[in-house]
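Please read the structure below before turning to the comments.
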Amino acid sequence: MSYELIKTPSLIKMSQEFAIGSKVRVVALPPYVKTADPMPMLRPPDVIHIGEEGIVIDRRPGGYWGIRFTRGAFLLDSQYIESTDTPPESHLE
C-alpha cells in the first residue's frame, strides 16, 4: 500500500508587521470593530471606511494593531490593513 502526500495551501495568513507611528490604510472591513480604549467596546464597521488612513499607535495581544483614525482609535487585525509608507529611495549614484 502506498501513500501520497497531499499538499494544500495554508489558510492561515501570516501576520504583517507595522512600525509604531507608520501610516496604514483599511483594505477590508471586519464584521465589527473594537475600540482601543482601556475598556474596549464593539462598534459597527461603518465607523471606518475602506481606503481610510490611520496611524499605528501600538501592538496588542492576539495579532491586533491599535490604529488612530479620525473618528477614534480602533483595534484591527493585520488582514484588514496595509502599509501606506513607502521605503526611502537610496541615493546611490
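In the C-alpha cells, each chain is lettered A, B, ... as it comes, each chain's residues begin at 1, and ligands are numbered from 1 in order of appearance.
Using only C-alpha atoms, the residues found no farther than 7 Å from stretch 46-56 of chain A, other than those of its own chain fewer than 5 positions away, are A:Ile20, A:Gly21, A:Ser22, A:Lys23, A:Val24, A:Arg25, A:Val26, A:Val27, A:Ala28, A:Leu29, A:Trp65, A:Gly66, A:Ile67, A:Arg68, A:Phe69, A:Arg71.
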Once you have the residues from the selection above, write them out as a PDB file, in the first residue's frame, restricted to N, CA and C atoms.
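Saved result, selection_39.pdb, follows:
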```
ATOM      1  N   ILE A  20       5.409  51.307  14.791  1.00  0.00           N
ATOM      2  CA  ILE A  20       4.595  52.259  15.544  1.00  0.00           C
ATOM      3  C   ILE A  20       4.802  53.636  14.918  1.00  0.00           C
ATOM      4  N   GLY A  21       3.714  54.340  14.653  1.00  0.00           N
ATOM      5  CA  GLY A  21       3.784  55.650  14.020  1.00  0.00           C
ATOM      6  C   GLY A  21       3.656  55.611  12.514  1.00  0.00           C
ATOM      7  N   SER A  22       3.651  54.411  11.929  1.00  0.00           N
ATOM      8  CA  SER A  22       3.531  54.314  10.468  1.00  0.00           C
ATOM      9  C   SER A  22       2.073  54.473  10.047  1.00  0.00           C
ATOM     10  N   LYS A  23       1.878  54.898   8.799  1.00  0.00           N
ATOM     11  CA  LYS A  23       0.535  55.063   8.255  1.00  0.00           C
ATOM     12  C   LYS A  23       0.068  53.756   7.627  1.00  0.00           C
ATOM     13  N   VAL A  24      -1.201  53.443   7.853  1.00  0.00           N
ATOM     14  CA  VAL A  24      -1.811  52.258   7.257  1.00  0.00           C
ATOM     15  C   VAL A  24      -3.140  52.642   6.627  1.00  0.00           C
ATOM     16  N   ARG A  25      -3.616  51.800   5.703  1.00  0.00           N
ATOM     17  CA  ARG A  25      -4.879  52.021   5.012  1.00  0.00           C
ATOM     18  C   ARG A  25      -5.773  50.806   5.212  1.00  0.00           C
ATOM     19  N   VAL A  26      -7.057  51.038   5.404  1.00  0.00           N
ATOM     20  CA  VAL A  26      -8.037  49.955   5.547  1.00  0.00           C
ATOM     21  C   VAL A  26      -8.317  49.382   4.162  1.00  0.00           C
ATOM     22  N   VAL A  27      -8.127  48.052   4.006  1.00  0.00           N
ATOM     23  CA  VAL A  27      -8.361  47.399   2.719  1.00  0.00           C
ATOM     24  C   VAL A  27      -9.613  46.525   2.726  1.00  0.00           C
ATOM     25  N   ALA A  28     -10.117  46.205   3.911  1.00  0.00           N
ATOM     26  CA  ALA A  28     -11.341  45.417   4.046  1.00  0.00           C
ATOM     27  C   ALA A  28     -11.934  45.741   5.414  1.00  0.00           C
ATOM     28  N   LEU A  29     -13.238  45.597   5.536  1.00  0.00           N
ATOM     29  CA  LEU A  29     -13.892  45.875   6.812  1.00  0.00           C
ATOM     30  C   LEU A  29     -14.204  44.579   7.554  1.00  0.00           C
ATOM     31  N   TRP A  65      -3.716  45.439  16.029  1.00  0.00           N
ATOM     32  CA  TRP A  65      -2.977  46.695  15.982  1.00  0.00           C
ATOM     33  C   TRP A  65      -3.902  47.815  16.422  1.00  0.00           C
ATOM     34  N   GLY A  66      -3.412  48.670  17.309  1.00  0.00           N
ATOM     35  CA  GLY A  66      -4.151  49.869  17.691  1.00  0.00           C
ATOM     36  C   GLY A  66      -3.875  50.928  16.643  1.00  0.00           C
ATOM     37  N   ILE A  67      -4.927  51.460  16.035  1.00  0.00           N
ATOM     38  CA  ILE A  67      -4.781  52.437  14.952  1.00  0.00           C
ATOM     39  C   ILE A  67      -5.662  53.641  15.230  1.00  0.00           C
ATOM     40  N   ARG A  68      -5.078  54.840  15.137  1.00  0.00           N
ATOM     41  CA  ARG A  68      -5.813  56.088  15.340  1.00  0.00           C
ATOM     42  C   ARG A  68      -6.356  56.568  13.999  1.00  0.00           C
ATOM     43  N   PHE A  69      -7.698  56.646  13.919  1.00  0.00           N
ATOM     44  CA  PHE A  69      -8.386  57.184  12.752  1.00  0.00           C
ATOM     45  C   PHE A  69      -9.024  58.512  13.142  1.00  0.00           C
ATOM     46  N   ARG A  71     -12.129  59.205  13.505  1.00  0.00           N
ATOM     47  CA  ARG A  71     -13.266  59.011  14.409  1.00  0.00           C
ATOM     48  C   ARG A  71     -12.915  58.233  15.671  1.00  0.00           C
TER      49      ARG A  71
END
```
>> Just list as an NGL selection string whatever in stretch 30-66 of chain A DSSP marks as strand (DSSP E or B).
In response: :A and (33-35 or 42-43 or 53-60 or 64-66)
> If you count only C-alpha atoms, which residues fall within 12 Å of A:Pro40, apart from same-chain ones fewer than 2 positions away, as an MDAnalysis selection string?
Replying inline: chainID A and resid 33:38 42:43 66 73:75
Contacts of A:Glu17 within 12 Å, only C-alpha atoms, excl. fewer than 5 positions in-chain, as a PDB file with N, CA and C atoms, in the first residue's frame:
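Contents of the output file around-v4.pdb:
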```
ATOM      1  N   SER A  22       3.651  54.411  11.929  1.00  0.00           N
ATOM      2  CA  SER A  22       3.531  54.314  10.468  1.00  0.00           C
ATOM      3  C   SER A  22       2.073  54.473  10.047  1.00  0.00           C
ATOM      4  N   VAL A  24      -1.201  53.443   7.853  1.00  0.00           N
ATOM      5  CA  VAL A  24      -1.811  52.258   7.257  1.00  0.00           C
ATOM      6  C   VAL A  24      -3.140  52.642   6.627  1.00  0.00           C
ATOM      7  N   VAL A  56      -0.591  53.841  13.196  1.00  0.00           N
ATOM      8  CA  VAL A  56      -0.419  52.745  14.156  1.00  0.00           C
ATOM      9  C   VAL A  56       0.059  53.334  15.484  1.00  0.00           C
ATOM     10  N   ASP A  58      -0.085  51.234  18.569  1.00  0.00           N
ATOM     11  CA  ASP A  58       0.517  50.156  19.367  1.00  0.00           C
ATOM     12  C   ASP A  58       0.162  48.794  18.821  1.00  0.00           C
ATOM     13  N   ARG A  59       0.805  47.787  19.403  1.00  0.00           N
ATOM     14  CA  ARG A  59       0.556  46.374  19.071  1.00  0.00           C
ATOM     15  C   ARG A  59      -0.145  45.753  20.266  1.00  0.00           C
ATOM     16  N   ARG A  60      -1.193  44.975  20.027  1.00  0.00           N
ATOM     17  CA  ARG A  60      -1.944  44.344  21.100  1.00  0.00           C
ATOM     18  C   ARG A  60      -1.864  42.819  20.982  1.00  0.00           C
ATOM     19  N   GLY A  63      -2.660  39.508  17.850  1.00  0.00           N
ATOM     20  CA  GLY A  63      -2.431  39.949  16.478  1.00  0.00           C
ATOM     21  C   GLY A  63      -3.150  41.224  16.098  1.00  0.00           C
ATOM     22  N   TYR A  64      -3.605  41.993  17.073  1.00  0.00           N
ATOM     23  CA  TYR A  64      -4.319  43.238  16.793  1.00  0.00           C
ATOM     24  C   TYR A  64      -3.388  44.433  16.836  1.00  0.00           C
ATOM     25  N   TRP A  65      -3.716  45.439  16.029  1.00  0.00           N
ATOM     26  CA  TRP A  65      -2.977  46.695  15.982  1.00  0.00           C
ATOM     27  C   TRP A  65      -3.902  47.815  16.422  1.00  0.00           C
ATOM     28  N   ASP A  77      -7.105  43.658  13.006  1.00  0.00           N
ATOM     29  CA  ASP A  77      -6.175  42.589  12.652  1.00  0.00           C
ATOM     30  C   ASP A  77      -5.429  43.016  11.398  1.00  0.00           C
ATOM     31  N   SER A  78      -4.214  42.505  11.217  1.00  0.00           N
ATOM     32  CA  SER A  78      -3.382  42.914  10.085  1.00  0.00           C
ATOM     33  C   SER A  78      -3.981  42.546   8.726  1.00  0.00           C
ATOM     34  N   GLN A  79      -4.917  41.608   8.682  1.00  0.00           N
ATOM     35  CA  GLN A  79      -5.518  41.243   7.395  1.00  0.00           C
ATOM     36  C   GLN A  79      -6.419  42.339   6.835  1.00  0.00           C
ATOM     37  N   ILE A  81      -5.656  45.683   7.026  1.00  0.00           N
ATOM     38  CA  ILE A  81      -4.896  46.912   6.774  1.00  0.00           C
ATOM     39  C   ILE A  81      -3.656  46.632   5.934  1.00  0.00           C
ATOM     40  N   GLU A  82      -3.153  47.686   5.293  1.00  0.00           N
ATOM     41  CA  GLU A  82      -1.895  47.606   4.556  1.00  0.00           C
ATOM     42  C   GLU A  82      -1.122  48.886   4.822  1.00  0.00           C
ATOM     43  N   SER A  83       0.182  48.808   4.683  1.00  0.00           N
ATOM     44  CA  SER A  83       1.037  49.964   4.915  1.00  0.00           C
ATOM     45  C   SER A  83       0.939  50.938   3.747  1.00  0.00           C
TER      46      SER A  83
END
```
